[in-house]
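Below: one structure, written as structure tokens.
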Amino acid sequence: MISIEHVSRRFGDGPDAVVALDDVSIDVAKGQIFGVVGQSGAGKSTLLRTVNALERPDSGRVTVDGVDVTALSGQALRNERHKIGMVFQHFNLVGNRTVAQNVEFALEATGAAEKDRRPKALDMLDLVGLAHRADDRPGQLSGGQRQRVGIARALASGPDVLLSDEATSALDPETTRSILELIRRLSRELGLTVLLITHEMEVVKRICDAAALMETGRVIEQGGLDELIRTPGSQVAAELFPVGEPHRIPGHRIVDVTYTGLSADRPVIAQLARDFGLDVSILGAALETINGHQAGRTRLAVPGDEHTARQVVDSLTAQGVTAWEVLA
Ligand SMILES: Nc1ncnc2c1ncn2[C@@H]1O[C@H](COP(=O)(O)OP(=O)(O)OP(=O)(O)O)[C@@H](O)[C@H]1O
């Protein structure tokens, strides 16, 4: 649905030039919630802005539902933007207009007839649970409620794609959770494709189907969340499961075990002790609910040598979990 192909963008010239995007390629499937995560300055905002053509890449292209947005301008671009809703960190609502009027603005931009705007705005507000606040001003609402209005406004033009620029960064943890749940519900109900940028792993963990990690303009790793958490050495997985940096222990090998889905409920470590008679110690463990499913990682110290570690990894793999030796 969204295809970012070899996109590069540089700001400035000469020694002061900043490479904000360096050969970035990302594919977001229809209906998927895709998170781009990274530190400040990684290039996330610039990337998001290339998708609705607020930013032009120096090279590469972006297509949305098969349309090359990098090649559009004028009315064609404005029409295309109606298919792409945008949610902002600071909501960007107009303070001296009512909640309903804020949503109506978005409808006006699409050319909707005046008589249809208010009923449609109320429908949108109903979708986000705020129809009863239609005639209040944004200043009378909480941060979470304002973001709900921001979402209603973004959806008013009936977009296929929702771009979210740190939509929950200004909100407290509980409100963040409710906004993320709303985005996930709307994505599922409306078949919306969501591309969100965030610096918070919590956001990735809660709603993303897939994610990309960016660092200084480059994508360091990307993939489905299930796949990333089973990839040895994945930085996304290391942040999702905070079991710490591994340390060598004399006479032991260090093995990480990752459980997803059904394997999360199986007593695989007890089985290991029975099969090999090994006195395995647990150095760390993290259990998380990732996109609604339970997943976990356990770090083991296995007494023995490389050969023992290999046998343990093979046995764990045969039991349907993902295991690998760290610091091998
Ligand atoms: N219009 C611009 N002119 C010059 N430099 C820019 C411009 N926009 C972005 N940059 C630079 O490009 C790099 C990437 O910025 P970008 O805002 O995309 O990162 P980010 O990951 O979204 O960061 P943050 O989370 O802080 O918003 C930064 O070094 C930034 O200073």
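Residues in the structure tokens are named by chain (A, B, ... in the order shown) and by number from 1 within that chain; ligands are numbered from 1 in the order shown.
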Please, which residues in chain A fall within 7 Å of ligand 1 when counting only C-alpha atoms and all ligand atoms, and what is the closest atom pair and distance in Å to one decimal for each, ordered by chain then residue number, as JSON lines?
```
{"residue": "A:Phe11", "atom": "CA", "partner": "ligand 1", "partner_atom_place_in_ligand_line": "4 (C)", "distance": 4.8}
{"residue": "A:Gly12", "atom": "CA", "partner": "ligand 1", "partner_atom_place_in_ligand_line": "4 (C)", "distance": 6.5}
{"residue": "A:Val18", "atom": "CA", "partner": "ligand 1", "partner_atom_place_in_ligand_line": "29 (O)", "distance": 5.8}
{"residue": "A:Val19", "atom": "CA", "partner": "ligand 1", "partner_atom_place_in_ligand_line": "12 (O)", "distance": 6.5}
{"residue": "A:Ala20", "atom": "CA", "partner": "ligand 1", "partner_atom_place_in_ligand_line": "12 (O)", "distance": 4.1}
{"residue": "A:Gly38", "atom": "CA", "partner": "ligand 1", "partner_atom_place_in_ligand_line": "21 (O)", "distance": 6.1}
{"residue": "A:Gln39", "atom": "CA", "partner": "ligand 1", "partner_atom_place_in_ligand_line": "21 (O)", "distance": 5.9}
{"residue": "A:Ser40", "atom": "CA", "partner": "ligand 1", "partner_atom_place_in_ligand_line": "26 (O)", "distance": 3.5}
{"residue": "A:Gly41", "atom": "CA", "partner": "ligand 1", "partner_atom_place_in_ligand_line": "19 (O)", "distance": 3.5}
{"residue": "A:Ala42", "atom": "CA", "partner": "ligand 1", "partner_atom_place_in_ligand_line": "21 (O)", "distance": 3.7}
{"residue": "A:Gly43", "atom": "CA", "partner": "ligand 1", "partner_atom_place_in_ligand_line": "18 (O)", "distance": 3.2}
{"residue": "A:Lys44", "atom": "CA", "partner": "ligand 1", "partner_atom_place_in_ligand_line": "22 (O)", "distance": 3.8}
{"residue": "A:Ser45", "atom": "CA", "partner": "ligand 1", "partner_atom_place_in_ligand_line": "22 (O)", "distance": 3.6}
{"residue": "A:Thr46", "atom": "CA", "partner": "ligand 1", "partner_atom_place_in_ligand_line": "18 (O)", "distance": 3.7}
{"residue": "A:Leu47", "atom": "CA", "partner": "ligand 1", "partner_atom_place_in_ligand_line": "18 (O)", "distance": 6.3}
{"residue": "A:His199", "atom": "CA", "partner": "ligand 1", "partner_atom_place_in_ligand_line": "25 (O)", "distance": 6.6}
{"residue": "A:Gly217", "atom": "CA", "partner": "ligand 1", "partner_atom_place_in_ligand_line": "14 (C)", "distance": 6.8}
```
Export of the given selection (N, CA and C atoms) as a short mmCIF file (atom, residue, chain, number, x, y, z; two decimals), in the first residue's frame:
```cif
data_model
loop_
_atom_site.label_atom_id
_atom_site.label_comp_id
_atom_site.auth_asym_id
_atom_site.auth_seq_id
_atom_site.Cartn_x
_atom_site.Cartn_y
_atom_site.Cartn_z
N PHE A 11 19.93 17.67 3.44
CA PHE A 11 19.69 19.11 3.65
C PHE A 11 21.03 19.82 3.66
N GLY A 12 21.12 20.92 2.93
CA GLY A 12 22.35 21.73 2.90
C GLY A 12 23.38 21.15 1.96
N VAL A 18 23.42 17.63 5.90
CA VAL A 18 22.89 16.57 6.77
C VAL A 18 22.15 15.57 5.88
N VAL A 19 22.54 14.31 5.99
CA VAL A 19 21.83 13.28 5.23
C VAL A 19 20.69 12.78 6.12
N ALA A 20 19.49 13.29 5.87
CA ALA A 20 18.34 12.94 6.73
C ALA A 20 17.82 11.55 6.37
N GLY A 38 13.07 5.37 16.26
CA GLY A 38 14.46 5.83 16.24
C GLY A 38 14.62 7.05 17.12
N GLN A 39 15.87 7.35 17.42
CA GLN A 39 16.18 8.50 18.26
C GLN A 39 15.88 9.80 17.52
N SER A 40 15.92 10.90 18.28
CA SER A 40 15.73 12.21 17.69
C SER A 40 16.80 12.44 16.61
N GLY A 41 16.39 12.94 15.46
CA GLY A 41 17.34 13.22 14.38
C GLY A 41 17.59 12.03 13.46
N ALA A 42 16.94 10.90 13.72
CA ALA A 42 17.17 9.69 12.91
C ALA A 42 16.64 9.84 11.48
N GLY A 43 15.67 10.74 11.30
CA GLY A 43 15.11 10.96 9.97
C GLY A 43 13.65 10.56 9.85
N LYS A 44 13.02 10.25 10.99
CA LYS A 44 11.65 9.74 10.97
C LYS A 44 10.66 10.75 10.37
N SER A 45 10.74 12.00 10.85
CA SER A 45 9.77 13.01 10.36
C SER A 45 9.96 13.26 8.89
N THR A 46 11.23 13.35 8.48
CA THR A 46 11.50 13.59 7.06
C THR A 46 10.90 12.44 6.24
N LEU A 47 11.04 11.23 6.73
CA LEU A 47 10.49 10.08 6.02
C LEU A 47 8.97 10.19 5.89
N HIS A 199 9.39 7.54 19.07
CA HIS A 199 10.66 7.19 19.68
C HIS A 199 10.42 6.23 20.86
N GLY A 217 19.50 8.41 9.49
CA GLY A 217 18.99 8.39 8.11
C GLY A 217 18.89 7.02 7.46
#
```
Practice item. Please provide as a PyMOL selection string all residues within 12 Å of Arg137 (chain A), with the sequence filter that same-chain residues fewer than 2 positions apart are discarded (counting only C-alpha atoms). Key: chain A and resi 93-103+133-135+139-142+145-146+149
How about saving the chosen residues, C-alpha atoms kept, as a PDB file, in the first residue's frame?
```pdb
ATOM      1  CA  LEU A  93      -6.579  21.975  16.306  1.00  0.00           C
ATOM      2  CA  VAL A  94      -7.988  25.463  15.754  1.00  0.00           C
ATOM      3  CA  GLY A  95      -8.652  26.814  19.237  1.00  0.00           C
ATOM      4  CA  ASN A  96     -11.407  29.330  18.466  1.00  0.00           C
ATOM      5  CA  ARG A  97     -13.555  26.815  16.566  1.00  0.00           C
ATOM      6  CA  THR A  98     -15.666  24.048  18.033  1.00  0.00           C
ATOM      7  CA  VAL A  99     -14.638  20.421  17.959  1.00  0.00           C
ATOM      8  CA  ALA A 100     -17.166  19.713  15.177  1.00  0.00           C
ATOM      9  CA  GLN A 101     -15.978  22.738  13.156  1.00  0.00           C
ATOM     10  CA  ASN A 102     -12.407  21.434  13.359  1.00  0.00           C
ATOM     11  CA  VAL A 103     -13.534  18.212  11.720  1.00  0.00           C
ATOM     12  CA  ARG A 133     -18.440  17.138  22.912  1.00  0.00           C
ATOM     13  CA  ALA A 134     -19.058  18.395  19.358  1.00  0.00           C
ATOM     14  CA  ASP A 135     -19.880  21.957  20.412  1.00  0.00           C
ATOM     15  CA  GLY A 139      -9.372  24.012  25.061  1.00  0.00           C
ATOM     16  CA  GLN A 140     -12.167  22.410  27.105  1.00  0.00           C
ATOM     17  CA  LEU A 141     -10.905  18.908  26.299  1.00  0.00           C
ATOM     18  CA  SER A 142      -8.142  16.793  27.820  1.00  0.00           C
ATOM     19  CA  GLN A 145      -9.710  13.903  23.871  1.00  0.00           C
ATOM     20  CA  ARG A 146      -7.980  16.473  21.677  1.00  0.00           C
ATOM     21  CA  VAL A 149     -10.557  14.965  17.605  1.00  0.00           C
TER      22      VAL A 149
END
```
Point to revise | Option closest in space to Asp22 (chain A), from A:His132, A:Arg61, A:Arg218, A:Arg81 [counting only C-alpha atoms] | key: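 Answer, going by the shortest atom-to-atom distance: A:Arg218.
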Review point. Any idea what the distance is between CA of Asp209 (chain A) and CA of Arg230 (chain A)?
Key: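 For CA of Asp209 (chain A) relative to CA of Arg230 (chain A), the distance reads 14.2 Å.
Distances to Ser3 (chain A) were evaluated for A:Gly191, A:Pro267, A:Gly60, A:Pro15 using only C-alpha atoms, and the minimum falls at A:Gly60.
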**Study point:** Exercise: region 221-225 of chain A partners within 7 Å, only C-alpha atoms, chain neighbours under 2 positions left out, as a ChimeraX atom specification
**Key:** /A:209-213,219,227-229
Mind writing the picked residues with C-alpha atoms as a PDB file, in the first residue's frame?
```
ATOM      1  CA  ASP A 209       2.445  -5.437  13.109  1.00  0.00           C
ATOM      2  CA  ALA A 210       5.839  -4.524  11.695  1.00  0.00           C
ATOM      3  CA  ALA A 211       8.554  -2.013  12.445  1.00  0.00           C
ATOM      4  CA  ALA A 212      11.723  -0.408  11.147  1.00  0.00           C
ATOM      5  CA  LEU A 213      14.527   0.941  13.295  1.00  0.00           C
ATOM      6  CA  VAL A 219      17.062   1.729   8.271  1.00  0.00           C
ATOM      7  CA  GLU A 227      10.077 -12.110  12.891  1.00  0.00           C
ATOM      8  CA  LEU A 228      12.198  -9.419  14.572  1.00  0.00           C
ATOM      9  CA  ILE A 229      11.777 -10.857  18.047  1.00  0.00           C
TER      10      ILE A 229
END
```
